[in-house]
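What follows is upload-v4.tsv (TSV, C-alpha atoms).
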```
chain	number	residue	atom	x	y	z
A	276	MET	CA	16.84	-21.84	-11.62
A	277	ARG	CA	14.86	-19.64	-9.22
A	278	GLY	CA	17.21	-16.73	-9.81
A	279	ALA	CA	16.92	-17.07	-13.59
A	280	VAL	CA	13.12	-17.01	-13.43
A	281	THR	CA	13.15	-14.02	-11.08
A	282	ASP	CA	15.55	-12.18	-13.39
A	283	ALA	CA	13.36	-12.97	-16.40
A	284	ILE	CA	10.29	-11.63	-14.60
A	285	LEU	CA	12.08	-8.45	-13.55
A	286	ASP	CA	13.52	-7.91	-17.03
A	287	ALA	CA	10.07	-8.47	-18.54
A	288	THR	CA	8.51	-6.01	-16.10
A	289	GLU	CA	11.04	-3.34	-17.01
A	290	ALA	CA	10.62	-3.95	-20.73
A	291	VAL	CA	6.80	-3.88	-20.68
A	292	ALA	CA	6.69	-0.76	-18.51
A	293	VAL	CA	9.23	1.15	-20.60
A	294	GLU	CA	7.79	0.10	-23.97
A	295	SER	CA	4.07	0.41	-23.18
A	296	GLY	CA	3.79	2.45	-19.98
A	297	LEU	CA	3.37	1.56	-16.34
A	298	GLU	CA	-0.33	0.90	-16.71
A	299	ALA	CA	0.42	-1.77	-19.32
A	300	ALA	CA	2.73	-3.61	-16.92
A	301	THR	CA	-0.04	-5.92	-15.76
A	302	ILE	CA	0.54	-9.34	-14.27
A	303	SER	CA	-0.59	-11.04	-17.48
A	304	ALA	CA	1.58	-8.82	-19.73
A	305	ILE	CA	4.60	-9.41	-17.51
A	306	ALA	CA	4.03	-13.17	-17.41
A	307	GLU	CA	3.62	-13.32	-21.19
A	308	ARG	CA	6.80	-11.30	-21.79
A	309	ALA	CA	8.74	-13.41	-19.28
A	310	GLY	CA	7.48	-16.62	-20.84
A	311	VAL	CA	5.93	-17.92	-17.63
A	312	ALA	CA	2.39	-18.70	-16.52
A	313	VAL	CA	0.58	-16.12	-14.41
A	314	GLY	CA	0.47	-18.66	-11.57
A	315	THR	CA	4.25	-19.04	-11.74
A	316	LEU	CA	4.62	-15.31	-11.38
A	317	TYR	CA	2.64	-15.46	-8.13
A	318	ASN	CA	5.05	-18.12	-6.84
A	319	TYR	CA	7.75	-15.46	-6.93
A	320	PHE	CA	5.91	-12.22	-6.14
A	321	PRO	CA	2.73	-11.38	-4.19
A	322	ASP	CA	1.37	-8.90	-6.74
A	323	ARG	CA	2.26	-6.31	-9.39
A	324	GLU	CA	3.50	-3.82	-6.80
A	325	GLY	CA	5.72	-6.52	-5.35
A	326	ILE	CA	7.27	-7.11	-8.75
A	327	LEU	CA	7.83	-3.40	-9.34
A	328	SER	CA	9.31	-3.01	-5.87
A	329	ALA	CA	11.63	-5.98	-6.42
A	330	LEU	CA	12.67	-4.51	-9.76
A	331	PHE	CA	13.66	-1.21	-8.13
A	332	VAL	CA	15.55	-2.99	-5.36
A	333	ALA	CA	17.41	-5.17	-7.86
A	334	ARG	CA	18.33	-2.32	-10.20
A	335	ARG	CA	19.41	-0.06	-7.35
A	336	ALA	CA	21.58	-2.90	-6.08
A	337	GLN	CA	23.26	-2.98	-9.51
A	338	ILE	CA	23.65	0.76	-9.99
A	339	ALA	CA	24.47	2.01	-6.47
A	340	PRO	CA	27.94	0.39	-6.44
A	341	MET	CA	28.63	1.92	-9.85
A	342	ILE	CA	27.86	5.38	-8.46
A	343	ALA	CA	29.97	4.71	-5.37
A	344	ALA	CA	32.85	3.54	-7.57
A	345	ALA	CA	32.58	6.71	-9.70
A	346	ALA	CA	32.65	8.85	-6.56
A	347	GLU	CA	35.68	6.99	-5.23
A	348	ALA	CA	37.52	7.05	-8.57
A	349	THR	CA	37.18	10.84	-8.77
A	350	SER	CA	37.68	11.67	-5.09
A	351	LYS	CA	41.34	12.75	-5.35
A	352	LEU	CA	40.91	15.06	-8.32
A	353	PRO	CA	40.94	18.86	-8.03
A	354	PHE	CA	37.45	20.34	-7.66
A	355	GLU	CA	36.57	21.19	-11.29
A	356	ALA	CA	38.13	18.02	-12.67
A	357	ARG	CA	36.30	16.02	-10.01
A	358	VAL	CA	32.92	17.53	-10.87
A	359	ARG	CA	33.55	16.94	-14.59
A	360	ALA	CA	34.79	13.36	-14.16
A	361	PHE	CA	32.03	12.34	-11.75
A	362	ILE	CA	29.28	13.77	-13.96
A	363	GLY	CA	30.83	12.11	-17.01
A	364	GLN	CA	30.81	8.77	-15.24
A	365	LEU	CA	27.23	9.31	-14.01
A	366	LEU	CA	25.99	10.07	-17.50
A	367	ALA	CA	27.75	6.94	-18.78
A	368	ILE	CA	25.99	4.91	-16.07
A	369	PHE	CA	22.66	6.50	-17.03
A	370	GLU	CA	23.24	5.57	-20.67
A	371	GLU	CA	24.22	2.01	-19.77
A	372	LYS	CA	21.14	1.60	-17.57
A	373	GLN	CA	18.92	3.73	-19.80
A	374	SER	CA	15.89	1.45	-19.66
A	375	PHE	CA	15.74	1.55	-15.87
A	376	VAL	CA	16.41	5.30	-15.78
A	377	ARG	CA	13.39	5.74	-18.08
A	378	LEU	CA	11.28	3.60	-15.77
A	379	ALA	CA	12.43	5.53	-12.71
A	380	ALA	CA	11.49	8.79	-14.44
A	381	MET	CA	8.07	7.35	-15.30
A	382	THR	CA	7.39	6.42	-11.69
A	383	ASP	CA	8.46	9.87	-10.50
A	384	GLN	CA	6.18	11.57	-13.04
A	385	ALA	CA	3.28	9.28	-12.14
A	386	SER	CA	3.97	9.79	-8.41
A	387	ILE	CA	4.07	6.04	-7.90
A	388	LYS	CA	5.49	5.16	-4.52
A	389	ILE	CA	7.57	2.09	-5.30
A	390	LYS	CA	10.75	3.02	-3.57
A	391	PRO	CA	11.49	4.63	-0.23
A	392	ARG	CA	12.92	8.10	-0.85
A	393	GLU	CA	15.93	7.64	1.40
A	394	SER	CA	17.28	4.84	-0.76
A	395	THR	CA	16.88	6.25	-4.25
A	396	LEU	CA	19.83	6.55	-6.58
A	397	MET	CA	19.17	10.26	-6.99
A	398	THR	CA	19.53	10.67	-3.22
A	399	GLN	CA	22.85	8.84	-3.41
A	400	ILE	CA	23.98	11.16	-6.21
A	401	LEU	CA	22.91	14.23	-4.22
A	402	GLN	CA	24.95	13.00	-1.26
A	403	VAL	CA	28.03	12.66	-3.48
A	404	PHE	CA	27.44	16.17	-4.85
A	405	GLU	CA	27.21	17.49	-1.28
A	406	HIS	CA	30.50	15.77	-0.45
A	407	ILE	CA	32.14	17.27	-3.54
A	408	MET	CA	30.77	20.73	-2.65
A	409	ARG	CA	32.03	20.41	0.93
A	410	ASP	CA	35.45	19.66	-0.54
A	411	GLY	CA	35.17	22.78	-2.74
A	412	ALA	CA	34.24	24.88	0.29
A	413	ALA	CA	37.16	23.41	2.24
A	414	ARG	CA	39.42	24.56	-0.60
A	415	LYS	CA	37.96	28.06	-0.11
A	416	LEU	CA	36.36	28.10	-3.56
A	417	PHE	CA	33.05	29.29	-2.06
A	418	PRO	CA	31.44	29.65	1.39
A	419	VAL	CA	30.42	26.46	3.17
A	420	SER	CA	26.94	27.94	3.60
A	421	ARG	CA	26.40	27.46	-0.15
A	422	VAL	CA	27.16	23.71	-0.14
A	423	PRO	CA	23.52	22.53	0.12
A	424	ALA	CA	22.30	24.97	-2.53
A	425	TYR	CA	25.13	24.25	-4.97
A	426	ALA	CA	24.72	20.48	-4.58
A	427	ARG	CA	21.00	20.73	-5.31
A	428	MET	CA	21.50	23.09	-8.24
A	429	LEU	CA	23.99	20.73	-9.88
A	430	HIS	CA	21.77	17.75	-9.07
A	431	GLY	CA	18.76	19.46	-10.64
A	432	ALA	CA	20.69	20.43	-13.77
A	433	LEU	CA	21.99	16.86	-14.17
A	434	LYS	CA	18.54	15.34	-13.71
A	435	ALA	CA	16.87	17.78	-16.10
A	436	LEU	CA	19.47	17.24	-18.80
A	437	ALA	CA	19.40	13.45	-18.44
A	438	MET	CA	15.59	13.32	-18.55
A	439	TRP	CA	15.50	15.57	-21.62
A	440	ARG	CA	18.07	13.47	-23.48
A	441	LEU	CA	16.20	10.29	-22.52
A	442	SER	CA	12.91	11.70	-23.78
A	443	GLU	CA	14.59	12.61	-27.06
A	444	GLY	CA	16.31	9.23	-27.34
A	445	GLN	CA	19.70	10.93	-27.45
A	446	ALA	CA	23.06	10.15	-25.87
A	447	MET	CA	23.76	11.83	-22.56
A	448	THR	CA	27.53	11.56	-22.26
A	449	THR	CA	28.13	14.20	-24.92
A	450	ASP	CA	26.70	16.81	-22.51
A	451	THR	CA	29.24	16.40	-19.71
A	452	ASP	CA	31.36	19.42	-20.62
A	453	LEU	CA	28.34	21.58	-21.46
A	454	LEU	CA	26.73	20.83	-18.10
A	455	VAL	CA	29.88	21.36	-16.06
A	456	ASP	CA	31.05	24.44	-17.94
A	457	THR	CA	27.63	26.08	-17.71
A	458	TRP	CA	27.25	25.21	-14.04
A	459	LEU	CA	30.75	26.28	-13.04
A	460	HIS	CA	31.39	29.21	-15.37
A	461	GLY	CA	27.99	30.47	-16.51
A	462	ILE	CA	26.06	30.39	-19.73
A	463	GLY	CA	28.13	33.13	-21.38
A	464	LYS	CA	31.35	31.16	-20.99
A	465	ALA	CA	30.04	27.67	-21.77
A	466	GLY	CA	31.53	26.30	-24.98
```
Translate this structure into structure tokens?
Amino acid sequence: MRGAVTDAILDATEAVAVESGLEAATISAIAERAGVAVGTLYNYFPDREGILSALFVARRAQIAPMIAAAAEATSKLPFEARVRAFIGQLLAIFEEKQSFVRLAAMTDQASIKIKPRESTLMTQILQVFEHIMRDGAARKLFPVSRVPAYARMLHGALKALAMWRLSEGQAMTTDTDLLVDTWLHGIGKAG
């Protein structure tokens, strides 16, 4: 029972914040959306920030293994196929968890400090990109000195594209080839 109420509160928090903005995610709005009394909400969380923090912890706990699985599933592929497959899987994860991705973007834009930086999903993705780039450098595709820059460039392009598609309410997975082709081969050769 306790888990179901907690889940309902977290789901309500996400829904209110995404639909109406972070400022609208008040204790009373969250309680109303979750179908619980305000006092009940305080039995589970100390305050609004506690709810938001718990939401980020819970959603990261759901998404982080999906990212790790995508990294593992693509780890044996040749470099270009690996980049393409991993980004395709990431964009599919972003689409599946679109509501939370929107909320995460809102908190970044509002500079709200809900989550410690070292444990963000984007940090996890950057680490996978660095690993992929180290593999590319080991295959002599480019100098190892470029690994950090290339990983961050790809990470930035992915984030910008995903945020743009989210803001437009459009699917992200259709951009996998465009992103990878542009990043790997340049704008003149991208399909």
Find the spatial neighbours of Ile284 in chain A, counting all atoms listed in the file, within a cut-off of 12 Å - ignore same-chain residues fewer than 3 positions away - and output them as a tab-separated table (two decimals) with C-alpha atoms, keeping the file's coordinate frame.
```tsv
chain	number	residue	atom	x	y	z
A	277	ARG	CA	14.86	-19.64	-9.22
A	278	GLY	CA	17.21	-16.73	-9.81
A	279	ALA	CA	16.92	-17.07	-13.59
A	280	VAL	CA	13.12	-17.01	-13.43
A	281	THR	CA	13.15	-14.02	-11.08
A	287	ALA	CA	10.07	-8.47	-18.54
A	288	THR	CA	8.51	-6.01	-16.10
A	289	GLU	CA	11.04	-3.34	-17.01
A	290	ALA	CA	10.62	-3.95	-20.73
A	291	VAL	CA	6.80	-3.88	-20.68
A	300	ALA	CA	2.73	-3.61	-16.92
A	301	THR	CA	-0.04	-5.92	-15.76
A	302	ILE	CA	0.54	-9.34	-14.27
A	303	SER	CA	-0.59	-11.04	-17.48
A	304	ALA	CA	1.58	-8.82	-19.73
A	305	ILE	CA	4.60	-9.41	-17.51
A	306	ALA	CA	4.03	-13.17	-17.41
A	307	GLU	CA	3.62	-13.32	-21.19
A	308	ARG	CA	6.80	-11.30	-21.79
A	309	ALA	CA	8.74	-13.41	-19.28
A	310	GLY	CA	7.48	-16.62	-20.84
A	311	VAL	CA	5.93	-17.92	-17.63
A	312	ALA	CA	2.39	-18.70	-16.52
A	313	VAL	CA	0.58	-16.12	-14.41
A	315	THR	CA	4.25	-19.04	-11.74
A	316	LEU	CA	4.62	-15.31	-11.38
A	317	TYR	CA	2.64	-15.46	-8.13
A	318	ASN	CA	5.05	-18.12	-6.84
A	319	TYR	CA	7.75	-15.46	-6.93
A	320	PHE	CA	5.91	-12.22	-6.14
A	323	ARG	CA	2.26	-6.31	-9.39
A	325	GLY	CA	5.72	-6.52	-5.35
A	326	ILE	CA	7.27	-7.11	-8.75
A	327	LEU	CA	7.83	-3.40	-9.34
A	329	ALA	CA	11.63	-5.98	-6.42
A	330	LEU	CA	12.67	-4.51	-9.76
A	333	ALA	CA	17.41	-5.17	-7.86
```
ask   = Which value, in Å to one decimal, gives the distance between CA of Ala367 in chain A and CA of Thr448 in chain A?
value =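 The value is 5.8 Å.
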inquiry  = If we count all atoms listed in the file and set the cut-off at 10 Å, which residues sit around Ala360 in chain A, ignoring sequence neighbours fewer than 3 positions away in its own chain? Please answer as JSON, numbers by chain.
reply    = {"A": [345, 346, 348, 349, 350, 352, 354, 355, 356, 357, 363, 364, 365, 366, 451, 452, 455]}
inquiry  = Counting all atoms listed in the file, which residue out of A:Gly431, A:Pro418, A:Gly296, A:Gly411 sits closest to Thr398 in chain A?
reply    =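 Of the candidates, the smallest distance to Thr398 in chain A is held by A:Gly431.
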ask   = Expressed in Å to a single decimal, how great is the separation between CA of Gln399 in chain A and CA of Phe331 in chain A?
value =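 CA of Gln399 in chain A sits 14.4 Å away from CA of Phe331 in chain A.
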ask   = Restricting the calculation to all atoms listed in the file, which member of A:Leu285, A:Ile338, A:Arg377, A:Ile362 is positioned closest to Gly444 in chain A?
value = A:Arg377
What's the 12 Å shell around Asp456 in chain A, counting all atoms listed in the file, without same-chain residues fewer than 5 positions away, as a short mmCIF file (atom, residue, chain, number, x, y, z; two decimals) with C-alpha atoms, in the coordinates of the input?
```cif
data_model
loop_
_atom_site.label_atom_id
_atom_site.label_comp_id
_atom_site.auth_asym_id
_atom_site.auth_seq_id
_atom_site.Cartn_x
_atom_site.Cartn_y
_atom_site.Cartn_z
CA GLU A 355 36.57 21.19 -11.29
CA ALA A 356 38.13 18.02 -12.67
CA VAL A 358 32.92 17.53 -10.87
CA ARG A 359 33.55 16.94 -14.59
CA ILE A 362 29.28 13.77 -13.96
CA LEU A 429 23.99 20.73 -9.88
CA ALA A 432 20.69 20.43 -13.77
CA ASP A 450 26.70 16.81 -22.51
CA THR A 451 29.24 16.40 -19.71
CA GLY A 461 27.99 30.47 -16.51
CA ILE A 462 26.06 30.39 -19.73
CA GLY A 463 28.13 33.13 -21.38
CA LYS A 464 31.35 31.16 -20.99
CA ALA A 465 30.04 27.67 -21.77
CA GLY A 466 31.53 26.30 -24.98
#
```
Provide an axis-aligned box for all listed atoms of range 426-445 of chain A, padding each side by 4 Å; report its centre and its edge lengths in Å to one decimal, as lines of an AutoDock Vina configuration file.
```
center_x = 18.8
center_y = 16.2
center_z = -16.0
size_x = 19.8
size_y = 21.9
size_z = 30.9
```
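The space separating CA of Ala339 in chain A from CA of Pro423 in chain A comes to 21.6 Å.
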query = Around (12.4, 12.2, -17.1) in the file's own coordinates, what residues are found within 7 Å if you use only C-alpha atoms, given back as a list in words?
reply = Arg377, Ala380, Met381, Met438, Trp439, Leu441 and Ser442 of chain A
Mind writing the picked residues with C-alpha atoms as a tab-separated table (two decimals), in the frame of the given file?
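Printed below is result_29.tsv as written:
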```tsv
chain	number	residue	atom	x	y	z
A	377	ARG	CA	13.39	5.74	-18.08
A	380	ALA	CA	11.49	8.79	-14.44
A	381	MET	CA	8.07	7.35	-15.30
A	438	MET	CA	15.59	13.32	-18.55
A	439	TRP	CA	15.50	15.57	-21.62
A	441	LEU	CA	16.20	10.29	-22.52
A	442	SER	CA	12.91	11.70	-23.78
```
